[in-house]
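Data block for input_8.cif (mmCIF, C-alpha atoms):
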data_data
#
loop_
_atom_site.label_atom_id
_atom_site.label_comp_id
_atom_site.auth_asym_id
_atom_site.auth_seq_id
_atom_site.Cartn_x
_atom_site.Cartn_y
_atom_site.Cartn_z
CA MET L 1 71.79 136.06 25.02
CA GLN L 2 72.65 139.41 23.64
CA GLY L 3 70.80 141.00 26.53
CA VAL L 4 72.79 138.99 29.07
CA GLU L 5 76.09 139.93 27.39
CA ALA L 6 75.06 143.55 27.33
CA GLN L 7 74.21 143.28 31.02
CA ASN L 8 77.63 141.70 31.72
CA GLU L 9 79.32 144.47 29.77
CA ALA L 10 77.56 147.00 31.91
CA ARG L 11 78.71 145.39 35.14
CA TRP L 12 81.75 146.69 36.89
CA ALA L 13 84.71 144.53 37.76
CA ASP L 14 84.97 142.85 41.16
CA ILE L 15 87.55 143.85 43.72
CA GLU L 16 89.34 140.93 45.33
CA LEU L 17 91.54 140.84 48.39
CA ASP L 18 93.62 137.67 48.77
CA ALA L 19 95.37 136.42 51.88
CA GLY L 20 97.36 133.31 51.09
CA ILE L 21 98.45 132.22 54.51
CA LEU L 22 99.26 128.53 54.17
CA GLY L 23 101.98 128.10 51.64
CA PHE L 24 105.30 126.55 50.87
CA GLY L 25 107.81 127.11 48.14
CA THR L 26 110.70 125.24 46.65
CA HIS L 27 113.87 126.53 45.07
CA LEU L 28 113.98 125.08 41.58
CA GLY L 29 117.44 126.29 40.66
CA ASN L 30 119.59 128.99 39.20
CA ALA L 31 120.35 129.97 35.65
CA SER L 32 124.03 130.10 36.51
CA SER L 33 125.06 129.37 40.04
CA GLU L 34 128.68 129.17 41.04
CA ASP L 35 128.12 127.54 44.36
CA ALA L 36 125.10 125.42 45.12
CA ILE L 37 125.58 125.75 48.86
CA TYR L 38 124.30 129.30 48.84
CA GLN L 39 120.91 128.22 47.60
CA PRO L 40 118.21 128.46 50.19
CA GLY L 41 116.73 125.18 51.37
CA THR L 42 114.59 123.03 49.21
CA PHE L 43 111.43 124.12 50.94
CA GLY L 44 110.38 127.28 52.69
CA THR L 45 107.25 128.99 53.90
CA VAL L 46 105.31 131.32 51.62
CA VAL L 47 102.61 133.92 52.20
CA ASN L 48 101.00 136.15 49.65
CA PHE L 49 98.64 139.12 49.74
CA GLN L 50 97.07 140.51 46.62
CA LEU L 51 94.55 143.16 45.61
CA SER L 52 92.88 142.53 42.25
CA ARG L 53 90.31 144.22 40.10
CA VAL L 54 88.89 141.68 37.69
CA LYS L 55 85.77 140.71 35.81
CA THR L 56 84.96 137.22 34.55
CA GLY L 57 86.26 136.71 31.03
CA LYS L 58 88.14 140.03 30.94
CA TRP L 59 91.65 141.07 31.72
CA GLY L 60 92.08 142.76 35.06
CA MET L 61 94.95 144.09 37.15
CA TRP L 62 96.53 143.27 40.46
CA LEU L 63 99.02 144.47 43.05
CA GLY L 64 100.61 141.99 45.38
CA VAL L 65 103.22 141.07 47.94
CA VAL L 66 104.75 137.60 48.14
CA GLY L 67 106.91 136.81 51.11
CA SER L 68 108.92 133.67 51.64
CA SER L 69 111.60 132.48 53.98
CA SER L 70 113.80 129.43 54.04
CA SER L 71 116.91 128.14 55.69
CA ASN L 72 119.84 126.10 54.50
CA THR L 73 121.41 125.76 57.91
CA THR L 74 121.73 122.00 57.68
CA SER L 75 123.47 121.99 54.33
CA LEU L 76 125.85 124.76 55.44
CA GLU L 77 126.64 122.92 58.66
CA ASN L 78 127.34 119.70 56.78
CA PHE L 79 129.53 121.57 54.33
CA TRP L 80 131.71 123.12 57.02
CA LEU L 81 131.81 119.94 59.09
CA SER L 82 133.13 117.95 56.15
CA GLU L 83 135.84 120.58 55.55
CA ILE L 84 136.88 120.57 59.20
CA GLU L 85 136.96 116.77 59.34
CA ALA L 86 139.24 116.75 56.32
CA ILE L 87 141.70 119.06 58.12
CA HIS L 88 141.44 117.43 61.56
CA PRO L 89 140.91 113.72 60.87
CA ASN L 90 141.77 112.82 64.48
CA ALA L 91 139.69 115.50 66.15
CA PHE L 92 136.23 115.24 67.61
CA ILE L 93 133.53 117.71 66.71
CA SER L 94 132.72 118.71 70.26
CA SER L 95 129.94 121.18 69.59
CA THR L 96 128.06 122.95 66.83
CA ASN L 97 126.17 126.10 67.65
CA THR L 98 124.05 127.57 64.92
CA ASN L 99 122.01 130.70 64.78
CA ALA L 100 119.89 129.54 61.88
CA VAL L 101 121.14 130.76 58.54
CA THR L 102 117.90 132.03 57.07
CA PHE L 103 117.04 133.70 53.82
CA SER L 104 113.92 135.67 53.10
CA ARG L 105 112.53 137.20 49.94
CA THR L 106 109.77 139.76 49.67
CA HIS L 107 108.44 140.38 46.19
CA TYR L 108 106.44 143.52 45.38
CA LEU L 109 104.62 142.87 42.13
CA ALA L 110 101.97 144.34 39.84
CA GLY L 111 100.45 142.77 36.76
CA VAL L 112 97.48 141.56 34.82
CA LEU L 113 95.12 138.65 35.34
CA LYS L 114 92.13 136.98 33.78
CA ARG L 115 89.27 135.08 35.42
CA LYS L 116 87.34 132.23 33.86
CA GLN L 117 84.40 130.43 35.39
CA ILE L 118 84.55 126.62 35.33
CA GLY L 119 81.39 125.22 36.90
CA SER L 120 81.32 126.33 40.51
CA PHE L 121 85.02 127.22 40.39
CA ASN L 122 86.85 130.25 39.07
CA LEU L 123 90.19 129.89 37.36
CA ASN L 124 92.40 132.97 37.68
CA TYR L 125 95.71 133.31 35.94
CA GLY L 126 98.06 136.21 35.58
CA ALA L 127 101.57 137.55 35.37
CA GLY L 128 103.40 140.32 37.16
CA LEU L 129 106.61 142.27 37.31
CA GLY L 130 108.23 144.15 40.14
CA ALA L 131 111.04 144.21 42.66
CA ALA L 132 112.26 141.80 45.32
CA ARG L 133 114.12 142.42 48.51
CA LEU L 134 116.44 139.60 49.52
CA SER L 135 117.89 139.28 52.96
CA GLY L 136 119.85 136.73 54.90
CA ILE L 137 121.34 136.35 58.35
CA GLY L 138 123.01 133.78 60.49
CA ASN L 139 126.18 132.27 61.84
CA ILE L 140 127.61 128.87 62.63
CA GLU L 141 130.17 127.97 65.27
CA ILE L 142 131.86 124.59 65.22
CA GLN L 143 134.24 123.47 67.94
CA THR L 144 136.70 120.63 67.57
CA LYS L 145 138.56 118.74 70.27
CA ASP L 146 141.88 117.10 69.56
CA LEU L 147 142.32 113.42 70.27
CA GLY L 148 144.51 112.82 73.34
CA SER L 149 144.56 116.36 74.69
CA ASN L 150 142.46 119.16 76.12
CA HIS L 151 143.12 121.36 73.09
CA ARG L 152 140.05 122.72 71.34
CA THR L 153 139.61 124.92 68.29
CA THR L 154 136.57 127.02 67.55
CA TYR L 155 135.68 127.90 63.97
CA THR L 156 133.16 130.68 63.51
CA TYR L 157 131.37 131.29 60.25
CA ASP L 158 129.63 134.61 60.51
CA TYR L 159 127.39 135.43 57.59
CA GLY L 160 126.48 138.84 58.94
CA VAL L 161 123.44 140.47 57.44
CA TYR L 162 122.71 140.48 53.75
CA ASP L 163 120.19 142.89 52.28
CA ALA L 164 119.69 143.73 48.60
CA TRP L 165 117.07 144.58 46.01
CA THR L 166 116.68 143.03 42.59
CA TRP L 167 114.04 142.57 39.88
CA SER L 168 111.28 140.02 40.17
CA ALA L 169 108.63 138.47 37.90
CA ASN L 170 105.99 135.81 38.26
CA VAL L 171 103.25 133.88 36.52
CA TYR L 172 100.50 132.26 38.53
CA ALA L 173 97.22 130.40 38.37
CA ASP L 174 94.69 129.84 41.10
CA LEU L 175 91.41 128.08 41.52
CA ASP L 176 88.82 129.49 43.91
CA VAL L 177 85.51 128.28 45.24
CA LYS L 178 82.78 130.17 47.08
CA LEU L 179 82.58 129.58 50.82
CA TYR L 180 80.03 132.10 51.98
CA ARG L 181 78.23 135.15 50.66
CA SER L 182 76.73 138.00 52.58
CA GLY L 183 75.19 140.58 50.28
CA GLU L 184 77.91 141.84 47.99
CA LEU L 185 80.69 140.38 50.14
CA GLN L 186 81.77 136.96 49.01
CA TRP L 187 84.28 134.77 50.88
CA MET L 188 86.25 132.33 48.75
CA ALA L 189 88.94 129.73 49.35
CA PHE L 190 91.69 129.55 46.81
CA PHE L 191 94.64 127.36 45.90
CA ARG L 192 97.39 129.11 44.01
CA THR L 193 100.49 127.93 42.21
CA SER L 194 103.05 130.52 41.29
CA ALA L 195 106.33 130.36 39.40
CA ILE L 196 108.50 133.24 40.48
CA MET L 197 111.94 134.31 39.42
CA HIS L 198 114.28 137.03 40.60
CA GLY L 199 117.63 138.54 39.70
CA GLN L 200 121.06 137.98 41.12
CA ASN L 201 121.27 137.40 44.83
CA GLY L 202 124.70 138.91 45.03
CA GLU L 203 127.15 137.77 47.63
CA MET L 204 126.73 136.73 51.18
CA ASN L 205 130.03 136.78 52.95
CA ALA L 206 131.03 134.22 55.50
CA SER L 207 133.88 135.58 57.52
CA VAL L 208 135.69 132.52 58.81
CA THR L 209 137.66 132.59 62.05
CA PRO L 210 140.36 131.38 62.28
CA ILE L 211 141.37 131.84 58.66
CA LEU L 212 143.00 128.70 57.39
CA GLY L 213 144.01 128.14 53.82
CA GLU L 214 141.63 125.29 53.22
CA LEU L 215 138.78 126.87 55.14
CA ARG L 216 138.89 130.28 53.55
CA ARG L 217 135.67 130.23 51.63
CA ASP L 218 134.54 133.72 52.32
CA ALA L 219 132.03 134.48 49.61
CA PHE L 220 129.13 132.61 48.14
CA THR L 221 128.01 134.16 44.92
CA ASP L 222 124.74 133.30 43.36
CA SER L 223 125.32 134.97 40.05
CA GLY L 224 122.25 134.07 38.04
CA THR L 225 118.51 134.28 37.98
CA SER L 226 116.77 132.13 40.59
CA PHE L 227 113.57 130.19 39.97
CA HIS L 228 111.08 129.24 42.64
CA LEU L 229 107.80 127.39 42.66
CA ASP L 230 105.34 128.45 45.35
CA MET L 231 102.00 126.97 46.37
CA ASN L 232 99.51 128.68 48.54
CA LEU L 233 96.17 128.06 50.20
CA GLY L 234 94.24 131.10 51.29
CA ILE L 235 91.12 133.12 51.77
CA ARG L 236 89.80 135.58 49.20
CA LEU L 237 87.34 138.36 49.94
CA ARG L 238 85.49 139.43 46.82
CA LEU L 239 83.51 142.66 46.64
CA VAL L 240 81.10 141.69 43.90
CA ASN L 241 80.20 144.12 41.10
CA MET L 242 81.63 147.40 42.31
CA GLU L 243 79.07 149.35 40.32
CA LYS L 244 76.50 148.77 43.05
CA TRP L 245 78.94 150.09 45.65
CA LYS L 246 79.37 153.25 43.62
CA MET L 247 75.61 153.65 43.19
CA PHE L 248 75.13 153.21 46.92
CA ARG L 249 77.73 155.86 47.63
CA PHE L 250 76.23 158.17 45.01
CA ALA L 251 72.69 157.73 46.34
CA HIS L 252 73.85 158.30 49.88
CA LYS L 253 75.75 161.43 48.89
CA HIS L 254 72.74 162.96 47.12
CA GLU L 255 70.14 161.98 49.64
CA PRO L 256 67.74 164.89 49.96
CA ALA L 257 68.08 166.80 53.14
CA GLN L 258 65.51 165.96 55.79
CA PRO L 259 63.11 168.75 56.51
CA MET S 1 76.89 141.04 58.34
CA ASN S 2 74.01 138.77 59.21
CA GLN S 3 73.41 136.76 62.36
CA ARG S 4 74.83 133.50 60.99
CA PHE S 5 78.13 135.14 60.20
CA THR S 6 78.33 136.73 63.65
CA LEU S 7 77.74 133.31 65.24
CA LYS S 8 80.56 131.80 63.18
CA VAL S 9 82.95 134.53 64.32
CA LEU S 10 81.93 133.97 67.95
CA LEU S 11 82.45 130.20 67.56
CA PHE S 12 85.92 130.79 66.12
CA PHE S 13 87.02 132.95 69.03
CA THR S 14 85.54 130.52 71.57
CA ILE S 15 87.60 127.67 70.09
CA LEU S 16 90.68 129.90 70.07
CA PHE S 17 90.13 130.83 73.71
CA PHE S 18 89.90 127.27 75.01
CA GLY S 19 92.11 125.49 72.50
CA GLY S 20 94.86 128.10 72.61
CA CYS S 21 95.23 127.87 76.35
CA SER S 22 95.05 124.10 76.74
CA GLY S 23 98.24 122.43 77.85
CA CYS S 24 99.50 125.52 79.64
CA CYS S 25 100.75 125.58 83.16
CA ASP S 26 98.86 127.37 85.90
CA GLU S 27 101.71 127.83 88.36
CA SER S 28 105.51 127.87 88.49
CA ILE S 29 107.77 126.42 91.15
CA GLU S 30 110.95 128.11 92.28
CA ILE S 31 113.65 125.89 93.73
CA LEU S 32 116.78 127.12 95.51
CA ILE S 33 120.07 125.24 95.24
CA GLU S 34 123.01 125.38 97.58
CA ALA S 35 126.38 123.65 97.31
CA SER S 36 127.33 122.14 100.64
CA ASP S 37 130.56 120.35 99.72
CA VAL S 38 132.94 119.66 96.84
CA HIS S 39 134.89 116.56 95.79
CA GLY S 40 137.89 116.72 93.45
CA VAL S 41 138.33 113.78 91.06
CA HIS S 42 140.68 112.98 88.18
CA LEU S 43 139.22 112.96 84.67
CA ASN S 44 140.87 111.74 81.48
CA ASN S 45 140.06 113.85 78.42
CA ALA S 46 142.00 111.86 75.80
CA GLY S 47 138.76 110.83 74.12
CA GLN S 48 135.78 112.84 73.03
CA PHE S 49 134.70 113.85 76.55
CA PRO S 50 136.36 113.96 79.98
CA VAL S 51 135.63 110.69 81.78
CA LEU S 52 136.37 109.49 85.30
CA SER S 53 139.84 107.99 85.11
CA SER S 54 140.19 104.32 86.04
CA SER S 55 143.84 104.80 87.03
CA ASN S 56 145.90 107.53 88.64
CA VAL S 57 148.20 107.78 85.61
CA ILE S 58 146.90 110.31 83.06
CA PRO S 59 148.60 112.16 80.17
CA ALA S 60 149.21 115.74 81.34
CA GLU S 61 147.81 117.22 78.12
CA ALA S 62 144.53 115.37 78.69
CA TYR S 63 144.18 115.91 82.46
CA VAL S 64 141.00 117.46 83.79
CA LEU S 65 140.29 118.12 87.44
CA GLY S 66 136.62 117.44 88.06
CA ALA S 67 134.80 119.17 90.89
CA TYR S 68 131.66 117.37 92.02
CA PHE S 69 129.35 119.39 94.24
CA ASP S 70 126.97 118.11 96.84
CA LEU S 71 123.87 120.13 95.95
CA GLU S 72 120.97 120.66 98.26
CA ASP S 73 117.74 122.00 96.85
CA TYR S 74 114.55 123.08 98.51
CA LEU S 75 111.28 124.58 97.43
CA ALA S 76 111.34 128.35 97.64
CA ALA S 77 108.03 129.52 96.20
CA LYS S 78 105.01 128.60 94.13
CA ARG S 79 103.53 131.23 91.89
CA GLU S 80 100.13 131.07 90.26
CA ILE S 81 100.03 132.15 86.65
CA ALA S 82 97.22 133.76 84.68
CA PRO S 83 94.33 133.09 87.08
CA PHE S 84 92.02 135.03 84.73
CA CYS S 85 92.26 132.54 81.88
CA LEU S 86 89.47 130.01 82.26
CA GLY S 87 90.76 127.86 79.43
CA GLN S 88 94.21 127.70 80.94
CA LYS S 89 92.90 126.74 84.36
CA ALA S 90 90.66 124.07 82.87
CA PHE S 91 93.29 122.40 80.74
CA ALA S 92 96.47 123.05 82.76
CA LEU S 93 98.98 120.20 82.68
CA SER S 94 102.44 120.11 84.21
CA CYS S 95 104.33 123.10 85.59
CA TRP S 96 107.91 124.14 85.02
CA GLU S 97 110.54 124.43 87.70
CA GLU S 98 112.84 127.41 87.99
CA TYR S 99 116.16 126.85 89.74
CA ARG S 100 118.02 129.64 91.47
CA SER S 101 121.26 129.58 93.36
CA VAL S 102 121.44 130.71 96.95
CA HIS S 103 125.03 131.82 96.51
CA ASN S 104 127.07 132.11 93.32
CA ILE S 105 130.66 131.00 93.07
CA ALA S 106 132.84 134.08 93.43
CA ARG S 107 136.28 132.52 92.96
CA TRP S 108 138.10 129.23 92.61
CA ASP S 109 141.71 128.36 93.46
CA ILE S 110 143.75 125.32 92.54
CA SER S 111 147.11 124.53 94.06
CA SER S 112 149.22 121.39 94.48
CA LEU S 113 150.81 119.73 97.50
CA TYR S 114 153.86 119.02 95.30
CA ASP S 115 156.10 121.31 93.23
CA PHE S 116 154.50 121.83 89.79
CA ASP S 117 157.41 123.61 88.10
CA GLU S 118 160.15 126.06 89.07
CA ALA S 119 157.78 129.01 89.13
CA HIS S 120 155.11 127.12 91.06
CA PRO S 121 156.42 125.37 94.15
CA ALA S 122 154.05 123.41 96.36
CA GLY S 123 151.18 125.51 97.68
CA THR S 124 151.26 128.27 95.07
CA LEU S 125 148.23 128.96 92.91
CA LEU S 126 148.01 127.10 89.58
CA ASN S 127 144.91 128.97 88.30
CA GLU S 128 146.77 130.24 85.24
CA TYR S 129 147.25 126.65 84.04
CA PHE S 130 143.60 125.62 84.40
CA VAL S 131 140.59 126.59 82.29
CA VAL S 132 136.94 125.93 83.15
CA TYR S 133 136.20 123.46 80.41
CA ASN S 134 132.51 122.66 80.37
CA SER S 135 131.13 126.17 80.46
CA LEU S 136 132.21 129.72 79.83
CA ASP S 137 130.69 130.73 83.12
CA ILE S 138 131.12 128.53 86.14
CA ASN S 139 127.84 129.63 87.72
CA THR S 140 125.85 129.07 84.54
CA SER S 141 127.20 125.55 84.41
CA ILE S 142 126.02 124.62 87.87
CA TRP S 143 122.86 126.55 88.47
CA ASP S 144 121.25 126.85 85.05
CA TYR S 145 122.11 123.42 83.70
CA GLN S 146 121.82 121.48 86.96
CA SER S 147 125.25 120.04 86.39
CA ASP S 148 126.89 118.91 89.62
CA THR S 149 130.32 118.98 88.01
CA VAL S 150 132.73 121.67 86.96
CA GLN S 151 135.68 120.60 84.86
CA PHE S 152 139.04 122.39 85.12
CA ALA S 153 141.24 121.43 82.15
CA LEU S 154 145.03 121.56 82.59
CA PHE S 155 147.02 123.36 79.90
CA ALA S 156 150.55 122.80 81.22
CA THR S 157 152.93 119.90 81.84
CA PRO S 158 154.44 119.66 85.34
CA ASP S 159 158.16 119.14 85.91
CA SER S 160 157.32 116.49 88.45
CA SER S 161 154.68 113.99 87.34
CA ARG S 162 153.45 113.29 90.88
CA GLN S 163 150.75 115.81 91.82
CA GLN S 164 148.00 116.18 94.38
CA PHE S 165 145.70 119.11 93.85
CA VAL S 166 143.82 121.22 96.38
CA LEU S 167 140.63 122.82 95.15
CA ASP S 168 139.07 125.81 96.96
CA ILE S 169 135.67 127.18 95.92
CA TYR S 170 134.62 130.53 97.39
CA PHE S 171 131.00 131.68 97.31
CA ASP S 172 129.76 135.25 97.28
CA ASN S 173 128.86 135.04 100.98
CA ASP S 174 132.55 134.33 101.73
CA SER S 175 131.86 130.69 102.54
CA LEU S 176 134.38 128.12 101.32
CA VAL S 177 134.28 124.46 100.32
CA ARG S 178 137.58 122.61 99.89
CA ASP S 179 138.82 119.20 98.81
CA THR S 180 142.17 117.56 98.19
CA THR S 181 142.39 115.04 95.37
CA GLU S 182 144.13 111.69 95.44
CA VAL S 183 147.68 111.58 94.12
CA VAL S 184 147.89 111.55 90.32
CA TRP S 185 150.80 110.93 87.96
CA LEU S 186 150.74 113.27 84.97
CA ASN S 187 152.96 111.85 82.24
#

Represent the structure of the file as structure tokens.
Amino acid sequence: MQGVEAQNEARWADIELDAGILGFGTHLGNASSEDAIYQPGTFGTVVNFQLSRVKTGKWGMWLGVVGSSSSNTTSLENFWLSEIEAIHPNAFISSTNTNAVTFSRTHYLAGVLKRKQIGSFNLNYGAGLGAARLSGIGNIEIQTKDLGSNHRTTYTYDYGVYDAWTWSANVYADLDVKLYRSGELQWMAFFRTSAIMHGQNGEMNASVTPILGELRRDAFTDSGTSFHLDMNLGIRLRLVNMEKWKMFRFAHKHEPAQP
Amino acid sequence: MNQRFTLKVLLFFTILFFGGCSGCCDESIEILIEASDVHGVHLNNAGQFPVLSSSNVIPAEAYVLGAYFDLEDYLAAKREIAPFCLGQKAFALSCWEEYRSVHNIARWDISSLYDFDEAHPAGTLLNEYFVVYNSLDINTSIWDYQSDTVQFALFATPDSSRQQFVLDIYFDNDSLVRDTTEVVWLN
């Protein structure tokens, strides 16, 4: 046993490249949110890419990018429609044109992780810290038609473009299983669950035209920390025991010259 | 990479090649449309949408002059698409149709056979009182959306309620279609 442990100690860590391509995330909430309507939709798509250096039973390190996008177009539309209906109870909503109000977050993270073997599976868990870029875009146009006349009014809610950086942190756990191995290249499938949080979103202004007293709602401020839960299914490429790769490179480099 | 892995990669791209192209169209059809005549009708816009009025008495603030076109269309061309894609040819389903106008509408004029107000005696143009209601662009409305109707909404109240409008539509080849509506009472 001691010999095996000594052998494990001598082994180098594996390098892993993750591509989590099938994922979805949900917005859990905000630490202190002034206006719930700003919050991105309940669900959104998630992708993640990560480069890790880890050895079973030891702490390793990773660098990663997590990207997600979501839309709350429907909730925004319903919000504005209800406000317009309150002002024009006898008008018809003749048309609603929406360029989807979308939000996207890209997290750039680095951290530590640990891998444990459970039967034919590997359990990886880790935590990271970094920065997130938040962006949003979109506009909504709602047209009303008065009862009994040709008169129409068009309300435009233009959210412009929002772009800001803030801090970001996550904890995650994933379970992987071997799919295929070719020499020192090992293909794995993994399922990952990640809890991610980021700092204040800031403000996304909706410039409303025409400006009416009741409709002037020109800033949505999400003032607190946001929490998200993401799940991801992906492919992991593991370069097993990097020591051998180094030895190969070393041997190749010092190959005696052919006569 | 061993042979088994290479075979798997080849299988993946083969599926992508055939599966990805299935359901595509292998040719497009271009159809030309031409308006041969126009008919002016009275529409009542008091409700949610302008509807054909059942009577000739309509509130002035809800009056819409509807222009119905007689459209003639004929096949202009068939174009084959992507003949190199075996998968697409094998699994091609229906094709799309692309409509194109022969001549766009260059101008429209509305006048009345009766005095509208002091500034607009019978026969003078009333274009300033009418707005194309169902589209920002009159040509987009007809040719792109296959609508045979253009709606001109009235934004003025006449001094005399009895009106009979004359609608002239000019095309970019200088051709003209014209119609005179029935008498309407705008209250």

Residues within 6 Å of L:Phe190, please, as a VMD selection string. Count all atoms listed in the file; anything in the same chain fewer than 5 positions from it doesn't count. chain L and resid 175 to 176 233 to 234

Residue nearest chain L among S:Val131, S:Ile29, S:Ile110, S:Leu125 (counting all atoms listed in the file): S:Val131

Once the PyMOL selection byres ((chain L and resi 154) around 9) has been evaluated on this model, what residues remain selected, and can you format them as a PDB file with C-alpha atoms, keeping the file's coordinate frame?
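Output saved as result-v7.pdb:
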ATOM      1  CA  GLU L 141     130.170 127.970  65.270  1.00  0.00           C
ATOM      2  CA  ILE L 142     131.860 124.590  65.220  1.00  0.00           C
ATOM      3  CA  GLN L 143     134.240 123.470  67.940  1.00  0.00           C
ATOM      4  CA  THR L 144     136.700 120.630  67.570  1.00  0.00           C
ATOM      5  CA  LYS L 145     138.560 118.740  70.270  1.00  0.00           C
ATOM      6  CA  ARG L 152     140.050 122.720  71.340  1.00  0.00           C
ATOM      7  CA  THR L 153     139.610 124.920  68.290  1.00  0.00           C
ATOM      8  CA  TYR L 155     135.680 127.900  63.970  1.00  0.00           C
ATOM      9  CA  THR L 156     133.160 130.680  63.510  1.00  0.00           C
ATOM     10  CA  THR L 209     137.660 132.590  62.050  1.00  0.00           C
ATOM     11  CA  PRO L 210     140.360 131.380  62.280  1.00  0.00           C
TER      12      PRO L 210
END

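Within 6 Å of chain L, chain S contributes the residues S:Ala46, S:Gly47, S:Gln48, S:Glu61, S:Ala62, using all atoms listed in the file.
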
In Å, with one decimal, what is the gap from atom CA of L:Tyr162 to atom CA of L:Gly23? 24.2 Å

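Distance check against L:Arg133 using all atoms listed in the file: of L:Arg192, L:His198, L:Lys114, L:His228, the minimum falls on L:His198.
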
Explicit residues for the PyMOL selection byres ((chain S and resi 37) around 10) (as JSON, numbers by chain): {"S": [34, 35, 36, 38, 39, 67, 68, 69, 70, 71, 72, 169, 176, 177, 178, 179]}

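The two atoms in question, atom CA of L:Gly57 and atom CA of L:Gly25, are spaced 29.1 Å apart.
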